[in-house]
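Worksheet for the structure shown next.
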Amino acid sequence: MDRGRGCFEVKATDLLGRVGRLYTKSGSLETPALLPVVHPLNQELDVDIIKKIGFKAIMTNAYITFKRLGEAAQKRGIHSIIGFDGVIMTDSGGYQMLEYGDVDIAPAEMASFEESIGTDIAIVLDRPTGFSRNRAFAEQTVKETLKAAEETIAVRKRQDLLWVGPIQGGLFTDLVAESARKTSTLPFDIHALGSPTEVMKSYNFQHLVKMIIAAKTNTPLNKPLHLFGAGHPLTMPIAVALGCDLFDSASYILYAKDDRYLTPHGTIRLDELIELACPCPICTQYTLAEIKSSDKAERIKLLATHNLYLLQSEVKRIKQAIFEGRLWDAVALKCRSHPKLWSAFEEMTRHSKILEDGTPLFKPKAVNLYSKEDLRRPEVSRAYAKIKKSFKFEERRLLILASITSEERWLATPFCKHLLKEGFKDYQLLFLSPPYRLIPAEISEIYPLSQTLYSSSLTTNLSTKSLERDLKRILKLGRYKQLIAVCLNKHLHSKLYALSRRLNFKLLDYCKQGASKQLQAAEQILQILRSQTQV
Ligand SMILES: [Zn+2]
């Protein structure tokens with residue numbers, strides 16, 4: 001495999017999230033990755049500390065470097081200016097443009113400057129949309145960003161740099177989609193979605209989800225997607241789940257300057273902090289009183305260092321969740337931190353079909369379902385589709401409907417083993433299990449049908465009406481002459497009983513737990529089958 005410039009390898013995926021490796025001229029970078037933003041000249045936190053925490057890449061500002069050092073920067077190179085030998089990404093003044101309305105350099109000139117200082121990952125001098133509600137302005141920023149991208153490509157000389165193509169559009173997701181589509185036709189190594197910071201500041205996380213989906217579904221999957229300025233513990237899990245690979249963040253230092261302590265669920269003001277509930281070196285070597293009483297510059301360093309450790313551990317937790325196939329669970333858990341984040345999670349669940357792409361067909365662990373939102377997991381919607389579309393019900397005499405508990409593999413239960421032993425061919429065995437409703441035994445071992453654990457609320461909320469509809473459909477498809485139900489799960493007893501009254505079928509009740517009861521249930525059904533065969 002070519003491990004040269006720009007190559008992006010994907011090692012593991014879950015939802016649209018992935019653990020990958022991006023190769024640059026200053027070494028490779030495992031993704032998802034967060035790049036701490038470092039000022040090129042005034043570093044309030046020593047870059048060696050950032051490196052020691054484990055960050056292999058940082059982001060700095062090429063525009064400030066250009067303004068302050070000019071040609072001298074070209075002689076020294078950005079790695080020497082910063083004092084960092086890892087991967088350096090350079091932002092190019094887009095942020096300054098957002099803050100001050102304009103910058104006094106053209107995109108082509110900036111591109112040449114970024115090449116001349118030897119950055120590893122260079123960003124086009126784009127025109128950020130920000131949080132503007134003015135559509136004409138948003139359209140203008142998309143147009144100007146695209147023009148800047150084309151001008152940059154025209155003057156690029158070096159082959160060893162990676163180039164980032166920015167996507168703008170802000171609150172207008174159709175413009176984000178258009179911007180992403182057009183930028184994707186240009187030769188960029190990485191794509192980056194702009195303007196999420198303003199959306200995040202306003203807690204409009206639901207819109208953030210819409211923006212990311214518009215960008216992700218219109219950029220090639222084989223290229224990393226960067227989310228500008230969104231390296232925050234609250235939003236990184238959902239952004240990764242939607243396909244973002246790279247983040248940058250100045251928040252660790254901005255919060256520190258503002259005496260704010262980062263936690264996995266948001267920030268706490270230092271004067272409101274009661275416990276240092278964090279195992280990082282700062283929180284274990286210092287007492288809270290020592291941190292609070294240290295002088296301002298020292299306090300910024302301590303808080304910024306803690307904030308970075310916290311961010312780093314969040315990224316590691318996300319990676320672990322991807323490898324374990326538990327990213328959905330991790331996102332849901334995180335989104336319980338704030339009602340507006342929960343709205344973002346609900347928004348994500350509406351895009352189950354898109355999330356199927358990166359979700360493995362088989363996972364080493366069972367799928368856990370807690371609430372109705374979890375019924376939209378890609379594993380679940382995929383399984384629904386499989387039962388509905390792929391399974392052909394053949395004509396048989398008898399349909400056996402068994403309600404079964406989710407704790408063990410169904411075909412391995414004493415009930416199924418005993419029933420299947422005699423090798424009768426003239427019946428169809430159907431399992432009743434809340435998340436998937438009715439499952440033919442033949443496909444029940446396909447992941448995750450019998451490897452799903454669910455909460456009791458999903459049983460309670462199971463609609464008898466939809467069950468009745470499904471069962472009628474199956475009865476018609478298989479032209480079954482008789483239906484017998486056996487209840488082996490006491491939580492499903494009332495549903496099955498209601499169903500038996502509505503459709504008028506025999507219900508054998510064995511739902512008191514225990515292997516001997518299961519054997520009795522199987523034996524009773526076998527007796528019915530034997531007696532019918534003799535006739
Ligand atoms: Zn800490």
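Note on naming: chains are A, B, ... as they come in the structure tokens, residues start from 1 per chain, ligands start from 1 in the order shown.
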Quick one: residues within 12 Å of Tyr255 in chain A, only C-alpha atoms, excluding same-chain residues fewer than 3 positions away - as a PyMOL selection string?
chain A and resi 232+249-252+258-263+266-270+299-308
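Residues of protein, DNA or RNA having any atom at most 6 Å from ligand 1, counting only C-alpha atoms and all ligand atoms, are Cys278, Pro279, Cys280, Ile282, Cys283 and His306 of chain A.
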May I have all residues of range 162-329 of chain A that DSSP, computed from the backbone, assigns to alpha helix (DSSP H), given as a PDB file with N, CA and C atoms, in the first residue's frame?
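Listed below is the output, states_0.pdb:
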```
ATOM      1  N   THR A 173     -28.208  24.726   5.029  1.00  0.00           N
ATOM      2  CA  THR A 173     -27.639  23.404   4.751  1.00  0.00           C
ATOM      3  C   THR A 173     -27.604  23.089   3.250  1.00  0.00           C
ATOM      4  N   ASP A 174     -28.518  23.672   2.479  1.00  0.00           N
ATOM      5  CA  ASP A 174     -28.454  23.432   1.028  1.00  0.00           C
ATOM      6  C   ASP A 174     -27.188  24.071   0.444  1.00  0.00           C
ATOM      7  N   LEU A 175     -26.785  25.216   1.030  1.00  0.00           N
ATOM      8  CA  LEU A 175     -25.547  25.855   0.570  1.00  0.00           C
ATOM      9  C   LEU A 175     -24.329  25.048   1.024  1.00  0.00           C
ATOM     10  N   VAL A 176     -24.395  24.484   2.237  1.00  0.00           N
ATOM     11  CA  VAL A 176     -23.307  23.624   2.728  1.00  0.00           C
ATOM     12  C   VAL A 176     -23.138  22.448   1.766  1.00  0.00           C
ATOM     13  N   ALA A 177     -24.281  21.840   1.377  1.00  0.00           N
ATOM     14  CA  ALA A 177     -24.241  20.698   0.455  1.00  0.00           C
ATOM     15  C   ALA A 177     -23.637  21.101  -0.889  1.00  0.00           C
ATOM     16  N   GLU A 178     -24.049  22.256  -1.391  1.00  0.00           N
ATOM     17  CA  GLU A 178     -23.537  22.746  -2.680  1.00  0.00           C
ATOM     18  C   GLU A 178     -22.037  23.025  -2.594  1.00  0.00           C
ATOM     19  N   SER A 179     -21.639  23.684  -1.498  1.00  0.00           N
ATOM     20  CA  SER A 179     -20.228  24.004  -1.281  1.00  0.00           C
ATOM     21  C   SER A 179     -19.394  22.720  -1.214  1.00  0.00           C
ATOM     22  N   ALA A 180     -19.923  21.711  -0.506  1.00  0.00           N
ATOM     23  CA  ALA A 180     -19.209  20.436  -0.360  1.00  0.00           C
ATOM     24  C   ALA A 180     -19.075  19.737  -1.719  1.00  0.00           C
ATOM     25  N   ARG A 181     -20.176  19.741  -2.475  1.00  0.00           N
ATOM     26  CA  ARG A 181     -20.182  19.080  -3.789  1.00  0.00           C
ATOM     27  C   ARG A 181     -19.153  19.708  -4.722  1.00  0.00           C
ATOM     28  N   LYS A 182     -19.134  21.030  -4.751  1.00  0.00           N
ATOM     29  CA  LYS A 182     -18.228  21.721  -5.680  1.00  0.00           C
ATOM     30  C   LYS A 182     -16.771  21.584  -5.239  1.00  0.00           C
ATOM     31  N   THR A 183     -16.512  21.713  -3.928  1.00  0.00           N
ATOM     32  CA  THR A 183     -15.137  21.585  -3.433  1.00  0.00           C
ATOM     33  C   THR A 183     -14.604  20.170  -3.685  1.00  0.00           C
ATOM     34  N   SER A 184     -15.525  19.177  -3.618  1.00  0.00           N
ATOM     35  CA  SER A 184     -15.114  17.779  -3.814  1.00  0.00           C
ATOM     36  C   SER A 184     -14.597  17.499  -5.215  1.00  0.00           C
ATOM     37  N   PRO A 196     -18.747  25.999  12.501  1.00  0.00           N
ATOM     38  CA  PRO A 196     -19.568  25.339  13.528  1.00  0.00           C
ATOM     39  C   PRO A 196     -19.495  26.043  14.887  1.00  0.00           C
ATOM     40  N   THR A 197     -18.418  26.818  15.107  1.00  0.00           N
ATOM     41  CA  THR A 197     -18.210  27.419  16.432  1.00  0.00           C
ATOM     42  C   THR A 197     -19.390  28.280  16.861  1.00  0.00           C
ATOM     43  N   GLU A 198     -19.860  29.123  15.934  1.00  0.00           N
ATOM     44  CA  GLU A 198     -20.974  30.024  16.255  1.00  0.00           C
ATOM     45  C   GLU A 198     -22.235  29.220  16.559  1.00  0.00           C
ATOM     46  N   VAL A 199     -22.437  28.164  15.765  1.00  0.00           N
ATOM     47  CA  VAL A 199     -23.611  27.313  15.959  1.00  0.00           C
ATOM     48  C   VAL A 199     -23.535  26.635  17.330  1.00  0.00           C
ATOM     49  N   MET A 200     -22.320  26.232  17.713  1.00  0.00           N
ATOM     50  CA  MET A 200     -22.128  25.576  19.005  1.00  0.00           C
ATOM     51  C   MET A 200     -22.315  26.551  20.162  1.00  0.00           C
ATOM     52  N   LYS A 201     -21.810  27.783  19.969  1.00  0.00           N
ATOM     53  CA  LYS A 201     -21.940  28.797  21.024  1.00  0.00           C
ATOM     54  C   LYS A 201     -23.405  29.056  21.350  1.00  0.00           C
ATOM     55  N   PHE A 205     -27.126  22.583  18.639  1.00  0.00           N
ATOM     56  CA  PHE A 205     -26.433  21.340  18.255  1.00  0.00           C
ATOM     57  C   PHE A 205     -27.200  20.563  17.189  1.00  0.00           C
ATOM     58  N   GLN A 206     -28.525  20.721  17.191  1.00  0.00           N
ATOM     59  CA  GLN A 206     -29.334  20.032  16.186  1.00  0.00           C
ATOM     60  C   GLN A 206     -28.935  20.511  14.789  1.00  0.00           C
ATOM     61  N   HIS A 207     -28.712  21.826  14.690  1.00  0.00           N
ATOM     62  CA  HIS A 207     -28.312  22.348  13.383  1.00  0.00           C
ATOM     63  C   HIS A 207     -26.906  21.882  13.006  1.00  0.00           C
ATOM     64  N   LEU A 208     -26.063  21.746  14.024  1.00  0.00           N
ATOM     65  CA  LEU A 208     -24.708  21.246  13.771  1.00  0.00           C
ATOM     66  C   LEU A 208     -24.771  19.871  13.089  1.00  0.00           C
ATOM     67  N   VAL A 209     -25.692  19.026  13.575  1.00  0.00           N
ATOM     68  CA  VAL A 209     -25.872  17.692  12.980  1.00  0.00           C
ATOM     69  C   VAL A 209     -26.277  17.827  11.506  1.00  0.00           C
ATOM     70  N   LYS A 210     -27.227  18.725  11.236  1.00  0.00           N
ATOM     71  CA  LYS A 210     -27.691  18.914   9.850  1.00  0.00           C
ATOM     72  C   LYS A 210     -26.558  19.400   8.948  1.00  0.00           C
ATOM     73  N   MET A 211     -25.747  20.334   9.488  1.00  0.00           N
ATOM     74  CA  MET A 211     -24.614  20.865   8.706  1.00  0.00           C
ATOM     75  C   MET A 211     -23.611  19.763   8.370  1.00  0.00           C
ATOM     76  N   ILE A 212     -23.273  18.957   9.391  1.00  0.00           N
ATOM     77  CA  ILE A 212     -22.272  17.903   9.170  1.00  0.00           C
ATOM     78  C   ILE A 212     -22.799  16.888   8.154  1.00  0.00           C
ATOM     79  N   ILE A 213     -24.080  16.521   8.277  1.00  0.00           N
ATOM     80  CA  ILE A 213     -24.639  15.546   7.332  1.00  0.00           C
ATOM     81  C   ILE A 213     -24.617  16.105   5.906  1.00  0.00           C
ATOM     82  N   ALA A 214     -24.948  17.393   5.772  1.00  0.00           N
ATOM     83  CA  ALA A 214     -24.922  18.012   4.432  1.00  0.00           C
ATOM     84  C   ALA A 214     -23.509  17.970   3.846  1.00  0.00           C
ATOM     85  N   ALA A 215     -22.501  18.197   4.681  1.00  0.00           N
ATOM     86  CA  ALA A 215     -21.112  18.192   4.193  1.00  0.00           C
ATOM     87  C   ALA A 215     -20.646  16.764   3.922  1.00  0.00           C
ATOM     88  N   LYS A 216     -20.939  15.871   4.879  1.00  0.00           N
ATOM     89  CA  LYS A 216     -20.415  14.498   4.793  1.00  0.00           C
ATOM     90  C   LYS A 216     -20.991  13.744   3.599  1.00  0.00           C
ATOM     91  N   MET A 236     -17.759  16.269  20.293  1.00  0.00           N
ATOM     92  CA  MET A 236     -16.890  15.399  19.497  1.00  0.00           C
ATOM     93  C   MET A 236     -17.492  14.013  19.221  1.00  0.00           C
ATOM     94  N   PRO A 237     -18.096  13.347  20.230  1.00  0.00           N
ATOM     95  CA  PRO A 237     -18.637  12.003  19.916  1.00  0.00           C
ATOM     96  C   PRO A 237     -19.668  12.006  18.783  1.00  0.00           C
ATOM     97  N   ILE A 238     -20.616  12.937  18.822  1.00  0.00           N
ATOM     98  CA  ILE A 238     -21.652  12.944  17.777  1.00  0.00           C
ATOM     99  C   ILE A 238     -21.051  13.362  16.434  1.00  0.00           C
ATOM    100  N   ALA A 239     -20.086  14.292  16.464  1.00  0.00           N
ATOM    101  CA  ALA A 239     -19.447  14.712  15.214  1.00  0.00           C
ATOM    102  C   ALA A 239     -18.659  13.556  14.597  1.00  0.00           C
ATOM    103  N   VAL A 240     -17.975  12.772  15.431  1.00  0.00           N
ATOM    104  CA  VAL A 240     -17.244  11.607  14.918  1.00  0.00           C
ATOM    105  C   VAL A 240     -18.249  10.598  14.340  1.00  0.00           C
ATOM    106  N   ALA A 241     -19.350  10.387  15.064  1.00  0.00           N
ATOM    107  CA  ALA A 241     -20.363   9.428  14.596  1.00  0.00           C
ATOM    108  C   ALA A 241     -20.916   9.829  13.234  1.00  0.00           C
ATOM    109  N   SER A 251     -10.205  26.065  22.694  1.00  0.00           N
ATOM    110  CA  SER A 251     -11.016  26.183  23.907  1.00  0.00           C
ATOM    111  C   SER A 251     -10.218  25.863  25.161  1.00  0.00           C
ATOM    112  N   TYR A 252      -9.275  24.925  25.072  1.00  0.00           N
ATOM    113  CA  TYR A 252      -8.516  24.529  26.264  1.00  0.00           C
ATOM    114  C   TYR A 252      -7.823  25.737  26.900  1.00  0.00           C
ATOM    115  N   ILE A 253      -7.295  26.636  26.051  1.00  0.00           N
ATOM    116  CA  ILE A 253      -6.568  27.803  26.571  1.00  0.00           C
ATOM    117  C   ILE A 253      -7.534  28.957  26.862  1.00  0.00           C
ATOM    118  N   LEU A 254      -8.548  29.117  26.003  1.00  0.00           N
ATOM    119  CA  LEU A 254      -9.537  30.189  26.229  1.00  0.00           C
ATOM    120  C   LEU A 254     -10.278  29.962  27.539  1.00  0.00           C
ATOM    121  N   TYR A 255     -10.668  28.715  27.781  1.00  0.00           N
ATOM    122  CA  TYR A 255     -11.336  28.383  29.048  1.00  0.00           C
ATOM    123  C   TYR A 255     -10.393  28.632  30.223  1.00  0.00           C
ATOM    124  N   ALA A 256      -9.136  28.214  30.062  1.00  0.00           N
ATOM    125  CA  ALA A 256      -8.164  28.370  31.152  1.00  0.00           C
ATOM    126  C   ALA A 256      -8.004  29.848  31.511  1.00  0.00           C
ATOM    127  N   LYS A 257      -7.947  30.693  30.492  1.00  0.00           N
ATOM    128  CA  LYS A 257      -7.807  32.137  30.733  1.00  0.00           C
ATOM    129  C   LYS A 257      -9.022  32.689  31.465  1.00  0.00           C
ATOM    130  N   PRO A 281      -2.481  14.159  35.611  1.00  0.00           N
ATOM    131  CA  PRO A 281      -1.360  14.529  36.498  1.00  0.00           C
ATOM    132  C   PRO A 281      -1.600  15.837  37.257  1.00  0.00           C
ATOM    133  N   ILE A 282      -2.261  16.818  36.643  1.00  0.00           N
ATOM    134  CA  ILE A 282      -2.506  18.098  37.337  1.00  0.00           C
ATOM    135  C   ILE A 282      -3.450  17.864  38.518  1.00  0.00           C
ATOM    136  N   CYS A 283      -4.543  17.164  38.254  1.00  0.00           N
ATOM    137  CA  CYS A 283      -5.573  16.981  39.294  1.00  0.00           C
ATOM    138  C   CYS A 283      -5.139  16.008  40.381  1.00  0.00           C
ATOM    139  N   THR A 284      -4.083  15.232  40.126  1.00  0.00           N
ATOM    140  CA  THR A 284      -3.608  14.326  41.177  1.00  0.00           C
ATOM    141  C   THR A 284      -2.407  14.919  41.924  1.00  0.00           C
ATOM    142  N   GLN A 285      -1.632  15.793  41.242  1.00  0.00           N
ATOM    143  CA  GLN A 285      -0.452  16.354  41.910  1.00  0.00           C
ATOM    144  C   GLN A 285      -0.754  17.634  42.680  1.00  0.00           C
ATOM    145  N   LEU A 288      -7.060  21.325  44.937  1.00  0.00           N
ATOM    146  CA  LEU A 288      -7.894  22.376  44.352  1.00  0.00           C
ATOM    147  C   LEU A 288      -7.498  23.736  44.931  1.00  0.00           C
ATOM    148  N   ALA A 289      -7.195  23.754  46.233  1.00  0.00           N
ATOM    149  CA  ALA A 289      -6.801  25.006  46.884  1.00  0.00           C
ATOM    150  C   ALA A 289      -5.514  25.559  46.262  1.00  0.00           C
ATOM    151  N   GLU A 290      -4.586  24.656  45.943  1.00  0.00           N
ATOM    152  CA  GLU A 290      -3.324  25.099  45.325  1.00  0.00           C
ATOM    153  C   GLU A 290      -3.579  25.703  43.942  1.00  0.00           C
ATOM    154  N   ILE A 291      -4.456  25.064  43.172  1.00  0.00           N
ATOM    155  CA  ILE A 291      -4.763  25.588  41.829  1.00  0.00           C
ATOM    156  C   ILE A 291      -5.439  26.966  41.956  1.00  0.00           C
ATOM    157  N   LYS A 292      -6.413  27.039  42.863  1.00  0.00           N
ATOM    158  CA  LYS A 292      -7.155  28.296  43.016  1.00  0.00           C
ATOM    159  C   LYS A 292      -6.265  29.440  43.472  1.00  0.00           C
ATOM    160  N   SER A 293      -5.271  29.128  44.315  1.00  0.00           N
ATOM    161  CA  SER A 293      -4.457  30.209  44.891  1.00  0.00           C
ATOM    162  C   SER A 293      -3.203  30.530  44.075  1.00  0.00           C
ATOM    163  N   LYS A 296      -2.078  34.038  38.271  1.00  0.00           N
ATOM    164  CA  LYS A 296      -2.862  33.923  37.021  1.00  0.00           C
ATOM    165  C   LYS A 296      -2.143  33.108  35.936  1.00  0.00           C
ATOM    166  N   ALA A 297      -0.866  33.443  35.657  1.00  0.00           N
ATOM    167  CA  ALA A 297      -0.138  32.768  34.572  1.00  0.00           C
ATOM    168  C   ALA A 297       0.009  31.281  34.879  1.00  0.00           C
ATOM    169  N   GLU A 298       0.321  30.953  36.124  1.00  0.00           N
ATOM    170  CA  GLU A 298       0.482  29.558  36.534  1.00  0.00           C
ATOM    171  C   GLU A 298      -0.866  28.830  36.457  1.00  0.00           C
ATOM    172  N   ARG A 299      -1.918  29.537  36.898  1.00  0.00           N
ATOM    173  CA  ARG A 299      -3.249  28.946  36.897  1.00  0.00           C
ATOM    174  C   ARG A 299      -3.695  28.615  35.460  1.00  0.00           C
ATOM    175  N   ILE A 300      -3.392  29.530  34.539  1.00  0.00           N
ATOM    176  CA  ILE A 300      -3.732  29.274  33.125  1.00  0.00           C
ATOM    177  C   ILE A 300      -3.036  27.996  32.654  1.00  0.00           C
ATOM    178  N   LYS A 301      -1.758  27.864  33.015  1.00  0.00           N
ATOM    179  CA  LYS A 301      -1.001  26.678  32.600  1.00  0.00           C
ATOM    180  C   LYS A 301      -1.612  25.402  33.178  1.00  0.00           C
ATOM    181  N   LEU A 302      -1.931  25.449  34.470  1.00  0.00           N
ATOM    182  CA  LEU A 302      -2.478  24.256  35.129  1.00  0.00           C
ATOM    183  C   LEU A 302      -3.833  23.879  34.529  1.00  0.00           C
ATOM    184  N   LEU A 303      -4.705  24.881  34.379  1.00  0.00           N
ATOM    185  CA  LEU A 303      -6.040  24.598  33.840  1.00  0.00           C
ATOM    186  C   LEU A 303      -5.962  24.152  32.374  1.00  0.00           C
ATOM    187  N   ALA A 304      -5.114  24.818  31.596  1.00  0.00           N
ATOM    188  CA  ALA A 304      -4.980  24.461  30.178  1.00  0.00           C
ATOM    189  C   ALA A 304      -4.448  23.035  30.043  1.00  0.00           C
ATOM    190  N   THR A 305      -3.491  22.680  30.907  1.00  0.00           N
ATOM    191  CA  THR A 305      -2.936  21.317  30.847  1.00  0.00           C
ATOM    192  C   THR A 305      -4.022  20.294  31.196  1.00  0.00           C
ATOM    193  N   HIS A 306      -4.739  20.558  32.277  1.00  0.00           N
ATOM    194  CA  HIS A 306      -5.849  19.650  32.626  1.00  0.00           C
ATOM    195  C   HIS A 306      -6.854  19.565  31.463  1.00  0.00           C
ATOM    196  N   ASN A 307      -7.230  20.722  30.921  1.00  0.00           N
ATOM    197  CA  ASN A 307      -8.212  20.741  29.828  1.00  0.00           C
ATOM    198  C   ASN A 307      -7.760  19.883  28.653  1.00  0.00           C
ATOM    199  N   LEU A 308      -6.457  19.935  28.365  1.00  0.00           N
ATOM    200  CA  LEU A 308      -5.939  19.133  27.249  1.00  0.00           C
ATOM    201  C   LEU A 308      -5.964  17.637  27.577  1.00  0.00           C
ATOM    202  N   TYR A 309      -5.596  17.290  28.813  1.00  0.00           N
ATOM    203  CA  TYR A 309      -5.685  15.869  29.209  1.00  0.00           C
ATOM    204  C   TYR A 309      -7.116  15.369  29.056  1.00  0.00           C
ATOM    205  N   LEU A 310      -8.049  16.225  29.468  1.00  0.00           N
ATOM    206  CA  LEU A 310      -9.465  15.851  29.392  1.00  0.00           C
ATOM    207  C   LEU A 310      -9.888  15.617  27.932  1.00  0.00           C
ATOM    208  N   LEU A 311      -9.488  16.544  27.058  1.00  0.00           N
ATOM    209  CA  LEU A 311      -9.834  16.416  25.637  1.00  0.00           C
ATOM    210  C   LEU A 311      -9.209  15.156  25.041  1.00  0.00           C
ATOM    211  N   GLN A 312      -7.956  14.917  25.421  1.00  0.00           N
ATOM    212  CA  GLN A 312      -7.248  13.749  24.908  1.00  0.00           C
ATOM    213  C   GLN A 312      -7.966  12.457  25.330  1.00  0.00           C
ATOM    214  N   SER A 313      -8.399  12.401  26.595  1.00  0.00           N
ATOM    215  CA  SER A 313      -9.068  11.171  27.048  1.00  0.00           C
ATOM    216  C   SER A 313     -10.426  11.006  26.355  1.00  0.00           C
ATOM    217  N   GLU A 314     -11.073  12.120  26.020  1.00  0.00           N
ATOM    218  CA  GLU A 314     -12.347  12.033  25.280  1.00  0.00           C
ATOM    219  C   GLU A 314     -12.121  11.400  23.907  1.00  0.00           C
ATOM    220  N   VAL A 315     -11.045  11.823  23.235  1.00  0.00           N
ATOM    221  CA  VAL A 315     -10.740  11.261  21.913  1.00  0.00           C
ATOM    222  C   VAL A 315     -10.458   9.753  22.045  1.00  0.00           C
ATOM    223  N   LYS A 316      -9.717   9.394  23.096  1.00  0.00           N
ATOM    224  CA  LYS A 316      -9.400   7.971  23.297  1.00  0.00           C
ATOM    225  C   LYS A 316     -10.663   7.153  23.563  1.00  0.00           C
ATOM    226  N   ARG A 317     -11.577   7.722  24.341  1.00  0.00           N
ATOM    227  CA  ARG A 317     -12.833   7.017  24.628  1.00  0.00           C
ATOM    228  C   ARG A 317     -13.632   6.785  23.341  1.00  0.00           C
ATOM    229  N   ILE A 318     -13.611   7.785  22.459  1.00  0.00           N
ATOM    230  CA  ILE A 318     -14.335   7.649  21.184  1.00  0.00           C
ATOM    231  C   ILE A 318     -13.720   6.517  20.354  1.00  0.00           C
ATOM    232  N   LYS A 319     -12.376   6.483  20.318  1.00  0.00           N
ATOM    233  CA  LYS A 319     -11.696   5.430  19.544  1.00  0.00           C
ATOM    234  C   LYS A 319     -12.050   4.057  20.086  1.00  0.00           C
ATOM    235  N   GLN A 320     -12.004   3.920  21.408  1.00  0.00           N
ATOM    236  CA  GLN A 320     -12.341   2.642  22.042  1.00  0.00           C
ATOM    237  C   GLN A 320     -13.772   2.236  21.660  1.00  0.00           C
ATOM    238  N   ALA A 321     -14.684   3.210  21.682  1.00  0.00           N
ATOM    239  CA  ALA A 321     -16.088   2.923  21.346  1.00  0.00           C
ATOM    240  C   ALA A 321     -16.219   2.456  19.901  1.00  0.00           C
ATOM    241  N   ILE A 322     -15.428   3.040  18.992  1.00  0.00           N
ATOM    242  CA  ILE A 322     -15.483   2.617  17.581  1.00  0.00           C
ATOM    243  C   ILE A 322     -15.001   1.168  17.460  1.00  0.00           C
ATOM    244  N   PHE A 323     -13.864   0.862  18.104  1.00  0.00           N
ATOM    245  CA  PHE A 323     -13.344  -0.510  18.029  1.00  0.00           C
ATOM    246  C   PHE A 323     -14.337  -1.510  18.618  1.00  0.00           C
ATOM    247  N   GLU A 324     -15.038  -1.111  19.684  1.00  0.00           N
ATOM    248  CA  GLU A 324     -15.985  -2.023  20.334  1.00  0.00           C
ATOM    249  C   GLU A 324     -17.353  -2.060  19.646  1.00  0.00           C
ATOM    250  N   LEU A 327     -20.243   3.019  19.442  1.00  0.00           N
ATOM    251  CA  LEU A 327     -20.238   4.467  19.267  1.00  0.00           C
ATOM    252  C   LEU A 327     -21.628   5.061  19.501  1.00  0.00           C
ATOM    253  N   TRP A 328     -22.660   4.364  19.020  1.00  0.00           N
ATOM    254  CA  TRP A 328     -24.037   4.847  19.231  1.00  0.00           C
ATOM    255  C   TRP A 328     -24.287   5.021  20.728  1.00  0.00           C
ATOM    256  N   ASP A 329     -23.927   4.021  21.510  1.00  0.00           N
ATOM    257  CA  ASP A 329     -24.134   4.068  22.964  1.00  0.00           C
ATOM    258  C   ASP A 329     -23.371   5.243  23.571  1.00  0.00           C
TER     259      ASP A 329
END
```
message = Report as number ranges by chain all protein, DNA and RNA residues lying within 12 Å of Gly243 in chain A, evaluated on only C-alpha atoms, omitting residues in the same chain fewer than 4 positions from it.
response = A: 13-20, 31-32, 191-193, 209, 211-227, 236-239, 247, 322, 327, 348, 354-359
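Note that CA of Lys147 in chain A and CA of Leu186 in chain A are 11.2 Å apart.
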(message) Which residues are close to Asn489 in chain A, i.e. within 12 Å by only C-alpha atoms, leaving aside same-chain residues fewer than 4 positions away? Reply as a list in words.
(response) Ala402, Ser403, Ile404, Thr405, Ser406, Glu407, Trp410, Phe431, Leu432, Ser433, Pro434, Ser456, Thr459, Ala485, His493, Ser494, Lys495, Leu496, Tyr497, Leu508, Asp509, Tyr510, Cys511, Lys512, Gln513, Gly514, Lys517 and Gln518 of chain A
Exercise for the section: Considering only C-alpha atoms, return as a PyMOL selection string whatever protein or nucleic-acid residues lie within 6 Å of range 88-98 of chain A, sequence-local ones (same chain, fewer than 2 positions apart) excluded. Expected result: chain A and resi 57-63+100-103+119-123+125-127
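Every protein, DNA or RNA residue with an atom at most 12 Å from Ser116 in chain A, where only C-alpha atoms count and chain neighbours fewer than 6 positions away do not, is listed here: Ala62, Thr65, Phe66, Gly70, Glu71, Ala72, Ala73, Gln74, Lys75, Arg76, Gly77, Ile78, His79, Glu109, Met110, Ala122, Arg156, Lys157, Arg158, Asp160 and Leu161 of chain A.
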Using only C-alpha atoms, please write the residues we just selected to a file, as a PDB file, in the first residue's frame.
```
ATOM      1  CA  ALA A  62      -0.309  31.248   9.130  1.00  0.00           C
ATOM      2  CA  THR A  65       2.861  34.336  11.311  1.00  0.00           C
ATOM      3  CA  PHE A  66       2.822  36.238   8.016  1.00  0.00           C
ATOM      4  CA  GLY A  70       6.923  38.162   7.134  1.00  0.00           C
ATOM      5  CA  GLU A  71       9.824  36.811   5.097  1.00  0.00           C
ATOM      6  CA  ALA A  72      11.789  35.805   8.195  1.00  0.00           C
ATOM      7  CA  ALA A  73       9.177  33.082   8.731  1.00  0.00           C
ATOM      8  CA  GLN A  74      10.044  31.547   5.367  1.00  0.00           C
ATOM      9  CA  LYS A  75      13.697  31.160   6.389  1.00  0.00           C
ATOM     10  CA  ARG A  76      12.924  29.649   9.795  1.00  0.00           C
ATOM     11  CA  GLY A  77      10.029  27.414   8.819  1.00  0.00           C
ATOM     12  CA  ILE A  78       6.916  26.914  10.893  1.00  0.00           C
ATOM     13  CA  HIS A  79       8.247  23.867  12.817  1.00  0.00           C
ATOM     14  CA  GLU A 109      -0.403  34.825  -1.848  1.00  0.00           C
ATOM     15  CA  MET A 110      -1.401  33.042   1.355  1.00  0.00           C
ATOM     16  CA  ALA A 122      -2.380  23.878   4.685  1.00  0.00           C
ATOM     17  CA  ARG A 156       0.374  25.275  -5.563  1.00  0.00           C
ATOM     18  CA  LYS A 157       3.919  24.061  -6.224  1.00  0.00           C
ATOM     19  CA  ARG A 158       4.919  21.631  -3.489  1.00  0.00           C
ATOM     20  CA  ASP A 160       4.535  17.054  -0.138  1.00  0.00           C
ATOM     21  CA  LEU A 161       1.896  19.185   1.594  1.00  0.00           C
TER      22      LEU A 161
END
```
